[in-house]
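**Q** If you scroll down you'll find the structure; I have some questions about it.
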Amino acid sequence: MTRHAADAPGPAFPAVTTVGNHCRHGGRTAVDGAERMVVTMSGQVATAPDATAEGTDLLTVGVEEEFLLVDPHTGAAVPAVDLVLDQVPAELRGQVEREFQTSQIEIGSPPGLELSSIRHSLSLLRAALADAAERAGVRLLAIGTGPVDGPVPPVVDKPRFDRMIERFRLLVPGPGNNGMHVHVGVPDAETGVQVLNHVRPWLPTLHAVTANSPFARGEDTGYASWRSVEWERWPSVAPTPYLESHEHYQRLIRQLIASGVMLDEGMLYWYARLSAKYPTVEIRIGDVCPSVDDAVLVAALVRALVATAMADIAAGRPAIRTDHHLLVGAHWRAAHDGLEGDGVDLTDGELRPAWHLLDDLVTRVRPALERHGDLAEVTDLLGGLRRHGSGAARQRAVFARTGQLADVVADVARQTRG
């Protein structure tokens with residue numbers, strides 16, 4: 001879960017104001033903040049980004065990732081977050097924090113304009129956290145949910161989480177649900193709401209790209225993303241509805257809180273939403289990606305999708321008003337099949353190979369990828385994804401070779417570290 005007003009500030013986005021279409025931090029651009037982060041972690045300055053001029057139409061992007069902590073011998077989730085946090089280097093602790101269950105831990109990149117700064121930050125944070133986990137006697141996994149059966153780790157001791165358990169009782173899902181949330185800067189809330197309308201038909205395709213949890217309780221679930229199935233136990237998890245305005249968005253939040261479905265705005269678990277704290281839209285449909293390459297690819301596609309939406313808004317092109325129940329079906333199909341099966345084409349409701357839908361998405365956002373300087377890297381990363389398959393496919397391939405979930409866990413740990 002992403003941080004909210006009732007919790008401590010999240011790691012990914014310091015307080016910001018918007019400048020044009022990008023964000024400024026205390027008098028410096030968001031890219032400067034990302035570069036400052038890299039200096040802190042690596043001791044050397046990253047290459048300065050080119051697009052720093054005020055008024056640029058380039059958008060900032062930042063990533064939050066949640067990980068599972070497991071026993072290195074059994075692969076079962078373990079309540080070790082405090083032990084791991086104690087081992088995190090002091091200079092990185094502002095970018096690492098607890099999540100909902102004691103078997104989870106979260107990192108966040110600072111927002112930046114260049115994918116290189118996102119890659120650098122995620123690589124350094126993942127490696128440092130994997131080292132900290134090893135020193136604590138556990139293993140770090142970038143995986144949607146735990147593949148091995150075991151006791152359900154307790155929830156982190158926080159008053160708000162206690163209230164959630166009191167209200168929703170047995171909805172706590174197994175070992176821990178680990179997602180990836182991508183934040184993209186927008187100039188204002190009204191624009192953000194329109195962006196949410198424009199991106200919703202494309203999110204099932206990204207859902208399929210991120211599928212990374214085929215195993216649970218020691219067996220293949222038949223789903224590419226079992227985390228998605230478990231996550232939907234929470235009553236506020238759903239595709240984002242079509243929104244008439246920011247006032248409509250806020251009114252729905254008030255009504256959902258009054259209904260008891262949510263304790264507060266932090267429990268608005270729509271697949272895309274406005275950040276309650278930052279000038280961003282937050283895309284939150286996916287499992288955490290197994291590797292940094294996968295995470296960078298998703299971040300680039302999300303940013304390009306938001307940029308394409310903003311171009312459509314500026315040109316007066318309306319959003320597609322996809323039927324809500326068809327959208328629910330498309331997300332279910334994405335969780336079930338991942339990239340290796342079929343997906344729902346929301347232009348006509350027919351099934352098509354998921355890779356064809358991803359090709360359509362890339363074609364649609366290609367101008368935005370070119371404008372942000374991301375096209376070459378995205379093309380290369382898509383080639384790798386075609387060769388190796390989704391995270392779910394990789395896990396199944398390892399299990400098909402060895403028949404051992406221990407080998408699946410070891411391979412995910414290897415990808416996590418990079």
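Ordering of the structure tokens sets the chain letters (A, B, ...); residue numbers start at 1 within each chain; ligands are numbered from 1 in the order shown.
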Near Gly286 in chain A, counting only C-alpha atoms, which residues have an atom at most 6 Å away, once you skip same-chain residues fewer than 5 positions from it, shown as a list in words?
**A**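 Skipping anything fewer than 5 positions along the chain leaves Gly179, Met180, His207 and Thr210 of chain A.
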**Q** Per residue of range 94-162 of chain A within 9 Å of range 227-239 of chain A, which atom pair is closest and at what distance in Å (one decimal), using only C-alpha atoms, listed by chain and increasing number, as CSV?
**A**
```
residue,atom,partner,partner_atom,distance
A:Gly144,CA,A:Arg227,CA,5.4
A:Thr145,CA,A:Arg227,CA,5.6
A:Gly146,CA,A:Arg227,CA,9.0
```
**Q** Would you output that residue set with all heavy atoms, as a JSON list (two decimals), in the first residue's frame?
**A**
```json
[["chain", "number", "residue", "atom", "x", "y", "z"],
["A", 144, "GLY", "N", 4.94, -11.02, -6.36],
["A", 144, "GLY", "CA", 3.63, -10.51, -6.00],
["A", 144, "GLY", "C", 3.10, -11.05, -4.69],
["A", 144, "GLY", "O", 2.51, -10.31, -3.89],
["A", 145, "THR", "N", 3.28, -12.34, -4.45],
["A", 145, "THR", "CA", 2.91, -12.95, -3.17],
["A", 145, "THR", "C", 3.76, -14.18, -2.97],
["A", 145, "THR", "O", 4.39, -14.68, -3.90],
["A", 145, "THR", "CB", 1.41, -13.28, -3.11],
["A", 145, "THR", "OG1", 1.03, -13.58, -1.76],
["A", 145, "THR", "CG2", 1.05, -14.45, -4.01],
["A", 146, "GLY", "N", 3.79, -14.68, -1.74],
["A", 146, "GLY", "CA", 4.68, -15.79, -1.42],
["A", 146, "GLY", "C", 4.24, -17.09, -2.07],
["A", 146, "GLY", "O", 3.07, -17.47, -2.00]]
```
**Q** One decimal, in Å: what's the spacing between CA of Val193 in chain A and CA of Arg317 in chain A?
**A**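 Taking CA of Val193 in chain A and CA of Arg317 in chain A, their separation equals 14.7 Å.
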**Q** Taking the backbone alone, and naming residues the way the document does, which bits of range 158-306 of chain A are helix (DSSP H, G or I) by DSSP, as a VMD selection string?
**A** chain A and resid 159 to 171 189 to 209 226 to 231 246 to 259 265 to 267 292 to 306
**Q** Show me a table, sorted first by chain and then by increasing residue number, of the residues of range 113-221 of chain A having an atom at most 7 Å from range 65-73 of chain A, each with its shortest atom pair and the distance in Å to one decimal, counting only C-alpha atoms and written as CSV.
**A**
```
residue,atom,partner,partner_atom,distance
A:Val138,CA,A:Asp71,CA,5.2
A:Arg139,CA,A:Val70,CA,5.3
A:Leu140,CA,A:Leu69,CA,5.0
A:Leu141,CA,A:Leu68,CA,5.1
A:Ala142,CA,A:Phe67,CA,5.1
A:Ile143,CA,A:Phe67,CA,6.6
A:Gly176,CA,A:Leu68,CA,6.9
A:Asn178,CA,A:Glu66,CA,4.9
A:Gly179,CA,A:Glu66,CA,5.6
A:Met180,CA,A:Glu65,CA,4.7
A:His181,CA,A:Glu65,CA,6.7
```
**Q** How about saving the chosen residues, all heavy atoms kept, as a short mmCIF file (atom, residue, chain, number, x, y, z; two decimals), in the first residue's frame?
**A**
```
data_model
loop_
_atom_site.label_atom_id
_atom_site.label_comp_id
_atom_site.auth_asym_id
_atom_site.auth_seq_id
_atom_site.Cartn_x
_atom_site.Cartn_y
_atom_site.Cartn_z
N VAL A 138 17.62 -13.29 6.30
CA VAL A 138 16.45 -13.58 5.46
C VAL A 138 16.79 -13.26 4.01
O VAL A 138 17.90 -12.84 3.69
CB VAL A 138 15.21 -12.80 5.92
CG1 VAL A 138 14.83 -13.20 7.34
CG2 VAL A 138 15.42 -11.30 5.82
N ARG A 139 15.83 -13.45 3.13
CA ARG A 139 16.03 -13.22 1.70
C ARG A 139 14.97 -12.26 1.19
O ARG A 139 13.81 -12.33 1.60
CB ARG A 139 15.96 -14.57 0.98
CG ARG A 139 16.19 -14.51 -0.50
CD ARG A 139 16.18 -15.92 -1.07
NE ARG A 139 17.51 -16.49 -1.15
CZ ARG A 139 17.77 -17.75 -1.50
NH1 ARG A 139 16.77 -18.58 -1.75
NH2 ARG A 139 19.02 -18.18 -1.58
N LEU A 140 15.36 -11.38 0.27
CA LEU A 140 14.48 -10.38 -0.32
C LEU A 140 13.96 -10.87 -1.66
O LEU A 140 14.75 -11.27 -2.52
CB LEU A 140 15.24 -9.06 -0.51
CG LEU A 140 14.43 -7.87 -1.03
CD1 LEU A 140 13.59 -7.27 0.09
CD2 LEU A 140 15.38 -6.81 -1.62
N LEU A 141 12.63 -10.84 -1.85
CA LEU A 141 12.03 -11.29 -3.11
C LEU A 141 11.16 -10.20 -3.71
O LEU A 141 10.27 -9.66 -3.04
CB LEU A 141 11.15 -12.52 -2.89
CG LEU A 141 11.78 -13.81 -2.39
CD1 LEU A 141 10.73 -14.92 -2.38
CD2 LEU A 141 12.98 -14.21 -3.24
N ALA A 142 11.38 -9.90 -4.99
CA ALA A 142 10.47 -9.06 -5.76
C ALA A 142 9.44 -9.98 -6.40
O ALA A 142 9.62 -10.47 -7.52
CB ALA A 142 11.24 -8.26 -6.81
N ILE A 143 8.36 -10.22 -5.67
CA ILE A 143 7.36 -11.20 -6.09
C ILE A 143 6.00 -10.74 -5.59
O ILE A 143 5.89 -10.11 -4.52
CB ILE A 143 7.73 -12.59 -5.52
CG1 ILE A 143 6.94 -13.72 -6.20
CG2 ILE A 143 7.55 -12.63 -4.01
CD1 ILE A 143 7.49 -15.10 -5.90
N GLY A 176 1.63 -11.78 2.19
CA GLY A 176 1.86 -10.36 1.92
C GLY A 176 1.72 -10.08 0.44
O GLY A 176 2.26 -10.83 -0.39
N ASN A 178 2.52 -7.73 -2.71
CA ASN A 178 3.58 -6.78 -3.05
C ASN A 178 3.36 -6.21 -4.44
O ASN A 178 3.36 -6.95 -5.43
CB ASN A 178 4.94 -7.48 -2.97
CG ASN A 178 5.13 -8.13 -1.62
OD1 ASN A 178 5.18 -7.46 -0.60
ND2 ASN A 178 5.20 -9.45 -1.61
N GLY A 179 3.17 -4.90 -4.49
CA GLY A 179 2.87 -4.24 -5.75
C GLY A 179 3.94 -3.25 -6.16
O GLY A 179 4.92 -3.00 -5.45
N MET A 180 3.71 -2.67 -7.31
CA MET A 180 4.54 -1.60 -7.84
C MET A 180 3.61 -0.44 -8.17
O MET A 180 2.58 -0.62 -8.82
CB MET A 180 5.25 -2.06 -9.11
CG MET A 180 5.99 -0.96 -9.86
SD MET A 180 6.57 -1.56 -11.46
CE MET A 180 7.44 -0.11 -12.06
N HIS A 181 3.95 0.75 -7.71
CA HIS A 181 3.15 1.94 -7.95
C HIS A 181 4.01 2.95 -8.69
O HIS A 181 5.11 3.27 -8.26
CB HIS A 181 2.65 2.53 -6.63
CG HIS A 181 1.92 1.54 -5.78
ND1 HIS A 181 1.85 1.67 -4.40
CD2 HIS A 181 1.24 0.42 -6.08
CE1 HIS A 181 1.15 0.66 -3.91
NE2 HIS A 181 0.78 -0.11 -4.92
#
```
**Q** Between A:Gly343, A:Ala299, A:Gln415, A:Pro201, which is the closest to Glu377 in chain A once you count only C-alpha atoms?
**A** A:Ala299
**Q** Range 98-103 of chain A: which residues within 6 Å, counting only C-alpha atoms, same-chain residues fewer than 4 positions away excluded, as a compact mmCIF listing (two decimals) with N, CA, C and O atoms, in the first residue's frame?
**A**
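Listing of result.txt after writing:
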```txt
# COMPACT_ATOMS: atom_id res chain seq x y z
N LEU A 68 8.91 -8.98 -0.55
CA LEU A 68 8.60 -10.00 0.45
C LEU A 68 9.89 -10.47 1.11
O LEU A 68 10.92 -10.66 0.43
N LEU A 69 9.84 -10.68 2.42
CA LEU A 69 10.96 -11.22 3.18
C LEU A 69 10.66 -12.68 3.50
O LEU A 69 9.61 -12.99 4.05
N ALA A 77 7.31 -16.86 4.01
CA ALA A 77 7.38 -15.47 4.48
C ALA A 77 7.66 -15.43 5.97
O ALA A 77 7.14 -16.25 6.74
N VAL A 78 8.47 -14.44 6.37
CA VAL A 78 8.84 -14.31 7.78
C VAL A 78 8.63 -12.87 8.24
O VAL A 78 8.83 -11.92 7.48
N PRO A 79 8.25 -12.67 9.50
CA PRO A 79 8.01 -11.31 10.04
C PRO A 79 9.31 -10.64 10.44
O PRO A 79 9.60 -10.46 11.62
N ALA A 80 10.11 -10.23 9.46
CA ALA A 80 11.48 -9.79 9.72
C ALA A 80 11.75 -8.34 9.36
O ALA A 80 12.91 -7.93 9.30
N VAL A 81 10.71 -7.53 9.14
CA VAL A 81 10.96 -6.19 8.62
C VAL A 81 11.82 -5.36 9.57
O VAL A 81 12.72 -4.63 9.12
N PRO A 154 2.17 -11.38 10.97
CA PRO A 154 1.27 -10.36 11.54
C PRO A 154 1.38 -9.03 10.82
O PRO A 154 2.33 -8.76 10.09
N VAL A 155 0.36 -8.22 11.05
CA VAL A 155 0.32 -6.86 10.51
C VAL A 155 1.24 -5.97 11.34
O VAL A 155 1.40 -6.18 12.55
N VAL A 156 1.86 -5.00 10.70
CA VAL A 156 2.70 -4.03 11.40
C VAL A 156 1.88 -3.32 12.48
O VAL A 156 0.71 -2.99 12.29
```
**Q** Looking only at the backbone, which of the residues in range 216-286 of chain A does DSSP tag as strand (DSSP E), as a ChimeraX atom specification?
**A** /A:216,219-220,272-274,280-286
**Q** Can you spit out the residues from that selection as an mmCIF file, in the first residue's frame, using N, CA and C atoms?
**A**
```cif
data_model
loop_
_atom_site.group_PDB
_atom_site.id
_atom_site.type_symbol
_atom_site.label_atom_id
_atom_site.label_comp_id
_atom_site.auth_asym_id
_atom_site.auth_seq_id
_atom_site.Cartn_x
_atom_site.Cartn_y
_atom_site.Cartn_z
ATOM 1 N N ALA A 216 1.143 -20.052 -5.096
ATOM 2 C CA ALA A 216 0.714 -19.716 -3.732
ATOM 3 C C ALA A 216 0.403 -21.019 -3.002
ATOM 4 N N GLU A 219 1.600 -24.366 -4.617
ATOM 5 C CA GLU A 219 1.147 -24.921 -5.885
ATOM 6 C C GLU A 219 0.871 -23.815 -6.891
ATOM 7 N N ASP A 220 0.772 -24.236 -8.164
ATOM 8 C CA ASP A 220 0.431 -23.299 -9.229
ATOM 9 C C ASP A 220 -1.052 -22.960 -9.118
ATOM 10 N N ALA A 272 -5.939 3.249 -10.664
ATOM 11 C CA ALA A 272 -5.283 4.533 -10.921
ATOM 12 C C ALA A 272 -6.005 5.581 -10.094
ATOM 13 N N ARG A 273 -5.270 6.470 -9.498
ATOM 14 C CA ARG A 273 -5.864 7.485 -8.629
ATOM 15 C C ARG A 273 -4.965 8.713 -8.608
ATOM 16 N N LEU A 274 -5.458 9.784 -8.029
ATOM 17 C CA LEU A 274 -4.616 10.936 -7.737
ATOM 18 C C LEU A 274 -3.912 10.684 -6.414
ATOM 19 N N THR A 280 0.660 14.187 -8.562
ATOM 20 C CA THR A 280 0.880 13.065 -9.470
ATOM 21 C C THR A 280 -0.398 12.260 -9.643
ATOM 22 N N VAL A 281 -0.444 11.527 -10.767
ATOM 23 C CA VAL A 281 -1.357 10.403 -10.867
ATOM 24 C C VAL A 281 -0.550 9.163 -10.500
ATOM 25 N N GLU A 282 -1.224 8.223 -9.862
ATOM 26 C CA GLU A 282 -0.559 7.017 -9.370
ATOM 27 C C GLU A 282 -1.209 5.799 -10.028
ATOM 28 N N ILE A 283 -0.414 5.059 -10.787
ATOM 29 C CA ILE A 283 -0.873 3.844 -11.448
ATOM 30 C C ILE A 283 -0.420 2.671 -10.590
ATOM 31 N N ARG A 284 -1.383 1.842 -10.131
ATOM 32 C CA ARG A 284 -1.077 0.885 -9.070
ATOM 33 C C ARG A 284 -1.733 -0.478 -9.339
ATOM 34 N N ILE A 285 -1.661 -0.931 -10.599
ATOM 35 C CA ILE A 285 -2.339 -2.183 -10.930
ATOM 36 C C ILE A 285 -1.436 -3.403 -10.787
ATOM 37 N N GLY A 286 -0.137 -3.224 -10.733
ATOM 38 C CA GLY A 286 0.740 -4.354 -10.981
ATOM 39 C C GLY A 286 1.354 -5.025 -9.778
#
```
**Q** Which residue gives the smallest distance to Pro151 in chain A among A:Gly222, A:Gly75, A:Leu196, A:Ala311, with only C-alpha atoms counted?
**A** A:Gly75
**Q** One decimal, in Å: what's the spacing between CA of Leu327 in chain A and CA of Arg200 in chain A?
**A**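 Those two atoms sit 8.2 Å apart.
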**Q** Using only C-alpha atoms, which of the listed residues (A:Ile313, A:Val302, A:Ile118, A:Val292) sits closest to Arg414 in chain A?
**A** A:Val292
**Q** Nearest to Ala189 in chain A: which of A:Arg217, A:Arg169, A:Lys158, A:His248 is it, counting only C-alpha atoms?
**A** A:His248
**Q** Would you mind telling me which residue in A:Glu340, A:Asp82, A:Glu64, A:Asp264 lies nearest to Ala133 in chain A when using only C-alpha atoms?
**A**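 Under the stated criterion, the closest residue is A:Asp82.
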**Q** Counting only C-alpha atoms, what is within 8 Å of Arg303 in chain A, bar same-chain residues fewer than 6 positions away, as a VMD selection string?
**A** chain A and resid 59 to 61 184
**Q** Would you save the residues of that selection, restricted to C-alpha atoms, as a tab-separated table (two decimals), in the first residue's frame?
**A**
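Dumped everything to out-v4.tsv:
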```tsv
chain	number	residue	atom	x	y	z
A	59	LEU	CA	6.87	14.51	-17.16
A	60	THR	CA	8.53	13.30	-14.01
A	61	VAL	CA	8.18	9.66	-13.00
A	184	VAL	CA	3.71	10.61	-12.93
```
